[in-house]
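The structure appears below as structure tokens.
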Amino acid sequence: MSVSLDSPEQLPEAFRSTGMRSRALRSLRRDPGALLGAIVITTLIFVALAAPLLAPYPAQGRGEANVPARDLAPSSEHWFGTDHLGRDVLSRVMFGGRPAIGVALAVVILAVLIGVPLGMVAGYRGGWLDEALMRTTDLFLAFPPLLLAMVISATLGASLFHAGLALAISWWPWYARLARTVTQSLKHEPFIDAARVFGVREPVILARHVLRNATTPILVQATIDAGTVILAVGALAFLGLAAQPPTPDWGLMVAEGRTTVVTEWWISTFPGLAIFAAVLAFNLLGDALRDVLDPRTGAR
Amino acid sequence: MSALLEIDDLRVDFSRDGRVTSRALRGVSLTVEPGEAVGVVGETGCGKTLTGLSVLRMLPENATATGRITFEGKDMLELSAHELRAIRGRRISMVFQSPGTSFNPVFTVGYQIGLVAERHLGIGRKDGQRLVAETLHAVGLPNPESVMRFYPHELSGGMLQRAMIAMAIICKPSLLIADEPTTALDVTIAQQILRLLRRLQREQGFGVFFISHDLDLVSDFCDRIAVLYAGRVVEMGATAQLLARPRHPYTRALLEALPGKSEPGSPLPTVPGAVPGDRDEAPGCAFAPRCPLVVEQCFEERPTLAGIGAGQAVACHRWDAL
């Protein structure tokens, strides 16, 4: 086949597609907050994973008591001091990252897996399905998520697993709402109509065209929520509704030190700071992700 | 020879809360023969695009279509969703007005075109991508392998429209609906796109349903022209004939309003008046209030589209006065 090119427009010079990786690196370099968030989260995850190797007193980190050395102030021996049972607070904080981050990720992933497909179908189909689903989410959203989680957790019995489950149950409606809103705004985009014109099936339109466009807001929200969930798990633990002693858990540790926070301040303060750092870092990272995940911002 | 596409008395109503709020198409009839390019012209709001969308059953949810649309022997309005999807993009495809918004911004161009090919031709990712490269080459894009990896925002409007055309022809359809394919492009690029479409039509032999408000463009491109006014075809005929001897006063007014026809310096001629509302209708001819040749009969009796010989048809009581 002979092809006349009809003098087609030439490709712009220095034309190269901006990949996700290069955008990620660029936005980290440009945004010190994002860099800080990424560093803190990487550090927290690394420390949590490597806690058995890094912690000065791994056994105490897991919960072994050492009563003779109790309530020691921070020193070169115990950088963060020791708690009422003589356990090294630094080791406990290191191990405490495991349930905190683990539950946060599990809760958010579960909430996304439940909420997003429901929200997308509701938003795309509309009609009675949409009504039914949205009224269901209204029911959940009528209660503050933490309160709802407290009720569920108290009913199921206080444990870390139940607290996570309770939080996921109270969190998924937010993702259903978010996914629905995004889907509704995308539904009438010409490219969705174009996909339909070209005979693409509805599940494929949802799973490819809509989902990929919804990924950015959902992932950003999920990242920020991971921080919020850490805070919520901490709050539940503080109230005795999540992890039980002797589990190393930041919220639980704050609770354990609360009666003596004026005199033995280190027992509550360091796990509290860990929660603060994790929440802040997830928030910073969430903001940065917004820039990284959207190919259009690469053109700036 | 049976027609590729036969639209017979197509009516589209928009309704809200069970009440009809607008009668947008009031009985459109036209045919497209295999390999033929038919232009549909008319003012904004006359129902050009709606006719095109009806063929693909892409009407908004609050619209209902009645009548018959026969494509390759099948009644499009009766098809199941499944049968419909097998035709969309495979036997009939469409090129849109604004290529910039017709591609999903988060996928590369090659991936999106590939999806259509994989879906309809039952081929794998690898064969699909090879076919995409070939097709992009066929629509005159240089370096198809690199163009494929670009996101839509990284391509110019003209290149995107070529990519859109590639997506439309990749499954070798028998009918291409082109809805103002050059409106969003500048004049030189528009000419290239038209030349490209004509070349592809010659090579692949698909029929074209060309929607445009630009009579110049349509007469350049199409074998036959249908003139739409207020949801009806008022005149249809072979391009040369229609241009040389328009039989409907509206067609004549449109032709006279072409900028090239008037003296430099003189005010540009227009068609006086405005398109009538689409709600209720007086019994007579919809064009009567704007018509220079209007007589009593025009307000009382609606003219129907009737053949006047040599393949030309017109809906006017006074066609022989022109």
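In the structure tokens, each chain is lettered A, B, ... as it comes, each chain's residues begin at 1, and ligands are numbered from 1 in order of appearance.
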
Per residue of chain B within 9 Å of chain A, note the shortest atom pair and the distance in Å to one decimal, counting only C-alpha atoms, and order the rows by chain and increasing residue number, as CSV.
```
residue,atom,partner,partner_atom,distance
B:Leu56,CA,A:Val197,CA,7.0
B:Arg57,CA,A:Val197,CA,8.8
B:Met58,CA,A:Val197,CA,7.3
B:His82,CA,A:Arg201,CA,8.8
B:Leu84,CA,A:Gly199,CA,7.6
B:Arg85,CA,A:Gly199,CA,4.3
B:Ala86,CA,A:Gly199,CA,6.4
B:Ile87,CA,A:Gly199,CA,7.1
B:Arg88,CA,A:Gly199,CA,4.6
B:Gly89,CA,A:Phe198,CA,3.7
B:Arg90,CA,A:Phe198,CA,7.3
B:Ile92,CA,A:Phe198,CA,8.4
B:Ser93,CA,A:Phe198,CA,6.4
B:Met94,CA,A:Val197,CA,7.1
B:Val95,CA,A:Ala194,CA,8.8
B:Phe96,CA,A:Ala194,CA,8.2
B:Ser98,CA,A:Pro190,CA,8.8
B:Thr101,CA,A:Pro190,CA,5.8
B:Ser102,CA,A:Phe191,CA,4.1
B:Phe103,CA,A:Phe191,CA,5.1
B:Asn104,CA,A:Phe191,CA,5.4
B:Pro105,CA,A:Arg296,CA,7.7
B:Val106,CA,A:Pro295,CA,6.6
B:Phe107,CA,A:His209,CA,8.3
B:Gln112,CA,A:Ala195,CA,8.9
B:Leu115,CA,A:Val200,CA,8.2
B:Val116,CA,A:Phe198,CA,6.5
B:Arg119,CA,A:Val200,CA,7.3
B:His120,CA,A:Gly199,CA,8.1
B:His137,CA,A:Val3,CA,8.1
B:Ala138,CA,A:Val3,CA,6.5
B:Val139,CA,A:Leu5,CA,7.9
B:Gly140,CA,A:Leu5,CA,4.7
B:Leu141,CA,A:Pro8,CA,6.6
B:Pro142,CA,A:Pro8,CA,7.5
B:Asn143,CA,A:Leu11,CA,8.6
B:Ser146,CA,A:Arg16,CA,8.7
B:Val147,CA,A:Leu11,CA,8.7
B:Arg149,CA,A:Ser17,CA,7.2
B:Phe150,CA,A:Ser17,CA,5.9
B:Tyr151,CA,A:Ser17,CA,7.4
B:His153,CA,A:Arg296,CA,7.3
B:Glu154,CA,A:Ser17,CA,7.7
B:Leu155,CA,A:Leu11,CA,8.3
B:Ser156,CA,A:Glu9,CA,8.4
B:Gly158,CA,A:Glu9,CA,7.6
B:Met159,CA,A:Glu9,CA,7.2
B:Met167,CA,A:Phe198,CA,8.5
B:Ala168,CA,A:Phe198,CA,7.8
B:Ile189,CA,A:Pro8,CA,8.5
B:Gln192,CA,A:Asp6,CA,6.1
B:Ile193,CA,A:Asp6,CA,8.7
B:Arg195,CA,A:Asp6,CA,7.7
B:Leu196,CA,A:Asp6,CA,7.5
```

Write the residues of the preceding selection, restricted to N, CA and C atoms, as a compact mmCIF listing (two decimals), in the first residue's frame.
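Okay, out-v7.txt is ready:
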```txt
# COMPACT_ATOMS: atom_id res chain seq x y z
N LEU B 56 -26.22 4.77 15.90
CA LEU B 56 -25.44 3.95 16.82
C LEU B 56 -26.17 3.70 18.14
N ARG B 57 -27.40 4.17 18.20
CA ARG B 57 -28.18 4.07 19.45
C ARG B 57 -27.42 4.69 20.63
N MET B 58 -26.87 5.86 20.39
CA MET B 58 -26.12 6.55 21.44
C MET B 58 -26.91 7.74 21.97
N HIS B 82 -26.12 -6.63 23.31
CA HIS B 82 -25.00 -7.46 22.92
C HIS B 82 -24.74 -7.35 21.41
N LEU B 84 -25.66 -5.00 19.52
CA LEU B 84 -25.30 -3.63 19.23
C LEU B 84 -23.80 -3.40 19.41
N ARG B 85 -23.25 -3.95 20.51
CA ARG B 85 -21.83 -3.77 20.79
C ARG B 85 -20.97 -4.43 19.74
N ALA B 86 -21.51 -5.50 19.14
CA ALA B 86 -20.74 -6.19 18.11
C ALA B 86 -20.67 -5.35 16.84
N ILE B 87 -21.61 -4.43 16.68
CA ILE B 87 -21.61 -3.59 15.49
C ILE B 87 -20.83 -2.30 15.73
N ARG B 88 -21.03 -1.74 16.92
CA ARG B 88 -20.33 -0.50 17.25
C ARG B 88 -18.82 -0.69 17.19
N GLY B 89 -18.17 0.15 16.41
CA GLY B 89 -16.72 0.09 16.34
C GLY B 89 -16.21 -0.98 15.40
N ARG B 90 -17.11 -1.93 15.04
CA ARG B 90 -16.69 -3.01 14.16
C ARG B 90 -17.24 -2.77 12.75
N ILE B 92 -19.83 -0.23 12.20
CA ILE B 92 -20.04 1.21 12.13
C ILE B 92 -19.11 1.86 13.14
N SER B 93 -18.37 2.84 12.71
CA SER B 93 -17.62 3.57 13.72
C SER B 93 -17.78 5.06 13.47
N MET B 94 -17.21 5.82 14.35
CA MET B 94 -17.52 7.24 14.35
C MET B 94 -16.26 8.05 14.63
N VAL B 95 -16.20 9.20 13.96
CA VAL B 95 -15.13 10.16 14.23
C VAL B 95 -15.80 11.40 14.80
N PHE B 96 -15.25 11.89 15.90
CA PHE B 96 -15.93 12.96 16.62
C PHE B 96 -15.36 14.33 16.28
N SER B 98 -14.35 16.73 18.45
CA SER B 98 -13.17 17.19 19.20
C SER B 98 -12.32 15.99 19.61
N THR B 101 -10.97 15.54 23.41
CA THR B 101 -11.70 15.01 24.54
C THR B 101 -12.22 13.60 24.28
N SER B 102 -11.99 13.09 23.08
CA SER B 102 -12.52 11.77 22.75
C SER B 102 -11.55 10.66 23.12
N PHE B 103 -10.36 11.04 23.52
CA PHE B 103 -9.42 10.04 24.03
C PHE B 103 -9.36 10.17 25.55
N ASN B 104 -9.25 9.04 26.20
CA ASN B 104 -9.09 9.04 27.65
C ASN B 104 -7.71 9.59 27.99
N PRO B 105 -7.65 10.66 28.79
CA PRO B 105 -6.37 11.33 29.02
C PRO B 105 -5.33 10.48 29.74
N VAL B 106 -5.74 9.41 30.41
CA VAL B 106 -4.78 8.69 31.23
C VAL B 106 -4.22 7.44 30.55
N PHE B 107 -4.64 7.18 29.32
CA PHE B 107 -4.07 6.04 28.61
C PHE B 107 -3.33 6.53 27.38
N GLN B 112 -5.32 2.67 23.73
CA GLN B 112 -6.76 2.84 23.53
C GLN B 112 -7.22 2.30 22.18
N LEU B 115 -7.25 -1.46 22.35
CA LEU B 115 -8.40 -2.05 23.02
C LEU B 115 -9.52 -2.37 22.05
N VAL B 116 -9.77 -1.42 21.13
CA VAL B 116 -10.85 -1.61 20.16
C VAL B 116 -10.54 -2.80 19.24
N ARG B 119 -10.75 -6.10 21.15
CA ARG B 119 -12.13 -6.43 21.46
C ARG B 119 -12.86 -7.03 20.25
N HIS B 120 -12.71 -6.39 19.10
CA HIS B 120 -13.53 -6.78 17.96
C HIS B 120 -12.90 -7.86 17.10
N HIS B 137 0.16 4.25 10.74
CA HIS B 137 0.95 4.55 9.56
C HIS B 137 0.03 4.86 8.38
N ALA B 138 -1.03 4.09 8.27
CA ALA B 138 -1.97 4.26 7.16
C ALA B 138 -2.69 5.60 7.22
N VAL B 139 -2.86 6.16 8.42
CA VAL B 139 -3.51 7.47 8.50
C VAL B 139 -2.50 8.61 8.45
N GLY B 140 -1.27 8.26 8.05
CA GLY B 140 -0.29 9.29 7.79
C GLY B 140 0.40 9.87 9.00
N LEU B 141 0.48 9.11 10.08
CA LEU B 141 1.25 9.60 11.23
C LEU B 141 2.67 9.09 11.11
N PRO B 142 3.63 9.99 11.22
CA PRO B 142 5.02 9.54 11.16
C PRO B 142 5.40 8.84 12.46
N ASN B 143 6.35 7.98 12.42
CA ASN B 143 6.82 7.24 13.61
C ASN B 143 5.69 6.63 14.42
N SER B 146 6.35 5.44 18.00
CA SER B 146 6.50 6.37 19.12
C SER B 146 5.20 7.10 19.41
N VAL B 147 4.43 7.39 18.36
CA VAL B 147 3.14 8.05 18.59
C VAL B 147 2.26 7.20 19.51
N ARG B 149 2.97 5.54 21.97
CA ARG B 149 3.31 5.60 23.40
C ARG B 149 2.99 6.96 24.01
N PHE B 150 2.45 7.87 23.19
CA PHE B 150 2.13 9.19 23.71
C PHE B 150 0.76 9.21 24.37
N TYR B 151 0.64 10.07 25.36
CA TYR B 151 -0.67 10.36 25.93
C TYR B 151 -1.36 11.39 25.05
N HIS B 153 -2.68 14.22 25.50
CA HIS B 153 -2.33 15.64 25.62
C HIS B 153 -0.96 15.96 25.01
N GLU B 154 -0.24 14.92 24.66
CA GLU B 154 1.08 15.16 24.08
C GLU B 154 1.05 15.26 22.56
N LEU B 155 -0.14 15.10 21.97
CA LEU B 155 -0.27 15.17 20.51
C LEU B 155 -1.08 16.41 20.13
N SER B 156 -0.84 16.91 18.91
CA SER B 156 -1.60 18.06 18.43
C SER B 156 -3.00 17.60 18.00
N GLY B 158 -4.50 17.88 15.16
CA GLY B 158 -4.51 17.20 13.87
C GLY B 158 -4.04 15.76 14.00
N MET B 159 -2.98 15.57 14.80
CA MET B 159 -2.46 14.21 14.98
C MET B 159 -3.48 13.35 15.72
N MET B 167 -8.46 4.72 14.93
CA MET B 167 -9.30 3.91 15.81
C MET B 167 -10.59 3.53 15.09
N ALA B 168 -11.11 4.48 14.29
CA ALA B 168 -12.38 4.23 13.60
C ALA B 168 -12.25 3.18 12.50
N ILE B 189 -5.11 21.94 8.29
CA ILE B 189 -5.18 20.59 8.85
C ILE B 189 -6.50 19.95 8.45
N GLN B 192 -6.22 18.45 5.15
CA GLN B 192 -5.46 17.19 5.19
C GLN B 192 -6.34 16.04 5.68
N ILE B 193 -7.13 16.33 6.71
CA ILE B 193 -7.98 15.29 7.28
C ILE B 193 -9.01 14.83 6.25
N ARG B 195 -8.71 15.00 2.98
CA ARG B 195 -8.00 14.22 1.95
C ARG B 195 -7.74 12.81 2.44
N LEU B 196 -7.35 12.73 3.72
CA LEU B 196 -7.07 11.42 4.31
C LEU B 196 -8.33 10.56 4.30
```

Would you mind listing what lies within 12 Å of Leu231 in chain A as an mmCIF file with N, CA and C atoms, in the first residue's frame, with only C-alpha atoms counted and same-chain residues fewer than 6 positions away left out?
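This went into selection_19.cif:
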```cif
data_model
loop_
_atom_site.group_PDB
_atom_site.id
_atom_site.type_symbol
_atom_site.label_atom_id
_atom_site.label_comp_id
_atom_site.auth_asym_id
_atom_site.auth_seq_id
_atom_site.Cartn_x
_atom_site.Cartn_y
_atom_site.Cartn_z
ATOM 1 N N ALA A 100 0.393 -0.834 63.950
ATOM 2 C CA ALA A 100 -0.143 0.456 63.488
ATOM 3 C C ALA A 100 -0.208 0.497 61.967
ATOM 4 N N ILE A 101 0.958 0.265 61.333
ATOM 5 C CA ILE A 101 1.000 0.372 59.871
ATOM 6 C C ILE A 101 0.252 -0.786 59.222
ATOM 7 N N VAL A 103 -2.338 -2.514 60.369
ATOM 8 C CA VAL A 103 -3.784 -2.323 60.441
ATOM 9 C C VAL A 103 -4.219 -1.184 59.530
ATOM 10 N N ALA A 104 -3.439 -0.114 59.508
ATOM 11 C CA ALA A 104 -3.802 1.025 58.663
ATOM 12 C C ALA A 104 -3.936 0.576 57.218
ATOM 13 N N LEU A 146 -15.310 7.035 64.081
ATOM 14 C CA LEU A 146 -14.652 6.517 65.273
ATOM 15 C C LEU A 146 -15.682 5.949 66.257
ATOM 16 N N LEU A 167 -13.116 -0.605 61.869
ATOM 17 C CA LEU A 167 -12.746 0.615 61.134
ATOM 18 C C LEU A 167 -13.045 0.469 59.650
ATOM 19 N N ILE A 224 -3.952 9.443 52.671
ATOM 20 C CA ILE A 224 -4.231 10.334 53.790
ATOM 21 C C ILE A 224 -4.998 9.575 54.878
ATOM 22 N N ASP A 225 -5.931 8.725 54.448
ATOM 23 C CA ASP A 225 -6.713 7.944 55.406
ATOM 24 C C ASP A 225 -5.850 6.957 56.184
ATOM 25 N N ALA A 237 -7.217 1.838 70.792
ATOM 26 C CA ALA A 237 -6.321 1.132 71.707
ATOM 27 C C ALA A 237 -6.252 1.870 73.033
ATOM 28 N N PHE A 238 -6.203 3.193 72.935
ATOM 29 C CA PHE A 238 -6.151 4.024 74.137
ATOM 30 C C PHE A 238 -7.350 3.740 75.025
ATOM 31 N N ASP A 249 1.753 -1.514 71.147
ATOM 32 C CA ASP A 249 0.889 -0.744 70.266
ATOM 33 C C ASP A 249 0.960 0.704 70.720
ATOM 34 N N TRP A 250 1.120 1.611 69.758
ATOM 35 C CA TRP A 250 1.341 3.012 70.119
ATOM 36 C C TRP A 250 0.210 3.565 70.978
ATOM 37 N N GLY A 251 -1.018 3.314 70.553
ATOM 38 C CA GLY A 251 -2.160 3.855 71.300
ATOM 39 C C GLY A 251 -2.223 3.281 72.714
ATOM 40 N N LEU A 252 -1.962 1.982 72.785
ATOM 41 C CA LEU A 252 -1.971 1.312 74.074
ATOM 42 C C LEU A 252 -0.877 1.869 74.988
ATOM 43 N N VAL A 254 0.435 4.864 74.881
ATOM 44 C CA VAL A 254 0.034 6.187 75.353
ATOM 45 C C VAL A 254 -0.896 6.029 76.554
ATOM 46 N N PRO A 271 5.645 7.144 72.053
ATOM 47 C CA PRO A 271 4.663 6.525 71.143
ATOM 48 C C PRO A 271 3.716 7.554 70.532
ATOM 49 N N GLY A 272 3.379 8.594 71.313
ATOM 50 C CA GLY A 272 2.527 9.665 70.773
ATOM 51 C C GLY A 272 3.195 10.354 69.599
ATOM 52 N N LEU A 273 4.506 10.613 69.756
ATOM 53 C CA LEU A 273 5.242 11.244 68.668
ATOM 54 C C LEU A 273 5.281 10.333 67.445
ATOM 55 N N ALA A 274 5.377 9.035 67.682
ATOM 56 C CA ALA A 274 5.399 8.092 66.559
ATOM 57 C C ALA A 274 4.084 8.166 65.785
ATOM 58 N N ILE A 275 2.964 8.224 66.528
ATOM 59 C CA ILE A 275 1.667 8.366 65.864
ATOM 60 C C ILE A 275 1.635 9.662 65.059
ATOM 61 N N PHE A 276 2.076 10.737 65.694
ATOM 62 C CA PHE A 276 2.088 12.031 65.037
ATOM 63 C C PHE A 276 2.906 11.976 63.743
ATOM 64 N N ALA A 277 4.101 11.393 63.828
ATOM 65 C CA ALA A 277 4.978 11.332 62.661
ATOM 66 C C ALA A 277 4.319 10.529 61.541
ATOM 67 N N ALA A 278 3.702 9.405 61.886
ATOM 68 C CA ALA A 278 3.087 8.555 60.860
ATOM 69 C C ALA A 278 1.917 9.268 60.193
ATOM 70 N N VAL A 279 1.068 9.912 60.998
ATOM 71 C CA VAL A 279 -0.096 10.602 60.439
ATOM 72 C C VAL A 279 0.353 11.724 59.510
ATOM 73 N N LEU A 280 1.316 12.518 60.007
ATOM 74 C CA LEU A 280 1.804 13.635 59.202
ATOM 75 C C LEU A 280 2.414 13.135 57.899
ATOM 76 N N PHE A 282 1.905 10.344 56.217
ATOM 77 C CA PHE A 282 0.920 9.850 55.255
ATOM 78 C C PHE A 282 0.187 11.007 54.585
#
```

Shell of 7 Å around Ile267 in chain A, only C-alpha atoms, local chain residues under 3 positions omitted, as a PyMOL selection string: chain A and resi 82-83+89+254+257+264+270

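Nearest to Arg125 in chain A of all the residues A:Arg180, A:Arg62, A:Arg29, A:Arg258 is A:Arg180, based on only C-alpha atoms.
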
Taking 5 positions as the minimum chain separation for residues in the same chain, which residues sit within 12 Å of Leu293 in chain B when counting only C-alpha atoms? Answer as a JSON list (two decimals) with C-alpha atoms, in the first residue's frame.
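part.json written:
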```
[["chain", "number", "residue", "atom", "x", "y", "z"],
["B", 247, "ARG", "CA", -35.14, 22.96, -5.44],
["B", 248, "HIS", "CA", -35.85, 23.87, -1.85],
["B", 249, "PRO", "CA", -35.80, 27.56, -0.93],
["B", 250, "TYR", "CA", -33.87, 26.69, 2.22],
["B", 252, "ARG", "CA", -30.96, 27.91, -2.05],
["B", 253, "ALA", "CA", -30.71, 30.30, 0.90],
["B", 285, "CYS", "CA", -44.12, 23.75, 6.38],
["B", 287, "PHE", "CA", -39.68, 26.82, 6.81],
["B", 288, "ALA", "CA", -42.73, 28.83, 5.75],
["B", 298, "CYS", "CA", -47.50, 26.36, 2.96],
["B", 299, "PHE", "CA", -49.11, 27.27, 6.27],
["B", 316, "CYS", "CA", -41.70, 21.84, -0.88],
["B", 317, "HIS", "CA", -44.99, 22.85, -2.50],
["B", 318, "ARG", "CA", -43.24, 25.37, -4.66],
["B", 319, "TRP", "CA", -40.17, 23.46, -5.79],
["B", 320, "ASP", "CA", -40.94, 24.03, -9.45],
["B", 321, "ALA", "CA", -40.96, 27.78, -8.85],
["B", 322, "LEU", "CA", -37.22, 27.62, -8.26]]
```

Got a sec to tell me which of range 25-221 of chain B DSSP assigns to strand (DSSP E), as a PyMOL selection string? chain B and resi 25-32+37-41+63-71+74-75+92-95+175-179+207-211

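Distance check against Leu79 in chain B using only C-alpha atoms: of B:Val55, B:Gly27, B:Val187, B:Gly307, the minimum falls on B:Val55.
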
List every residue of range 66-113 of chain A that DSSP, applied to the backbone, labels as helix (DSSP H, G or I), and write the result as a count of residues only. 28

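Shell of range 3-16 of chain B at 7 Å, with only C-alpha atoms counted and residues fewer than 3 places along the chain excluded, is B:Arg19, B:Val20, B:Thr21, B:Ser22, B:Arg23, B:Ala24, B:Leu25, B:Arg26, B:Gly27, B:Val28, B:Ser29, B:Leu30, B:Thr31, B:Val32, B:Glu33, B:Pro34, B:Asn62, B:Ala63, B:Thr64, B:Ala65, B:Thr66, B:Gly67, B:Arg68, B:Ile69, B:Thr70, B:Phe71, B:Glu72.
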
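Our summary of the geometry notes that CA of Pro292 in chain B is positioned 14.4 Å from CA of Pro246 in chain B.
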
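Proximity ranking of B:Leu258, B:Ala310, B:Val233, B:Val294 relative to Gly42 in chain B places B:Val233 first, based on only C-alpha atoms.
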
Separation of CA of Leu90 in chain A and CA of Ala281 in chain A, in Å? 19.7 Å
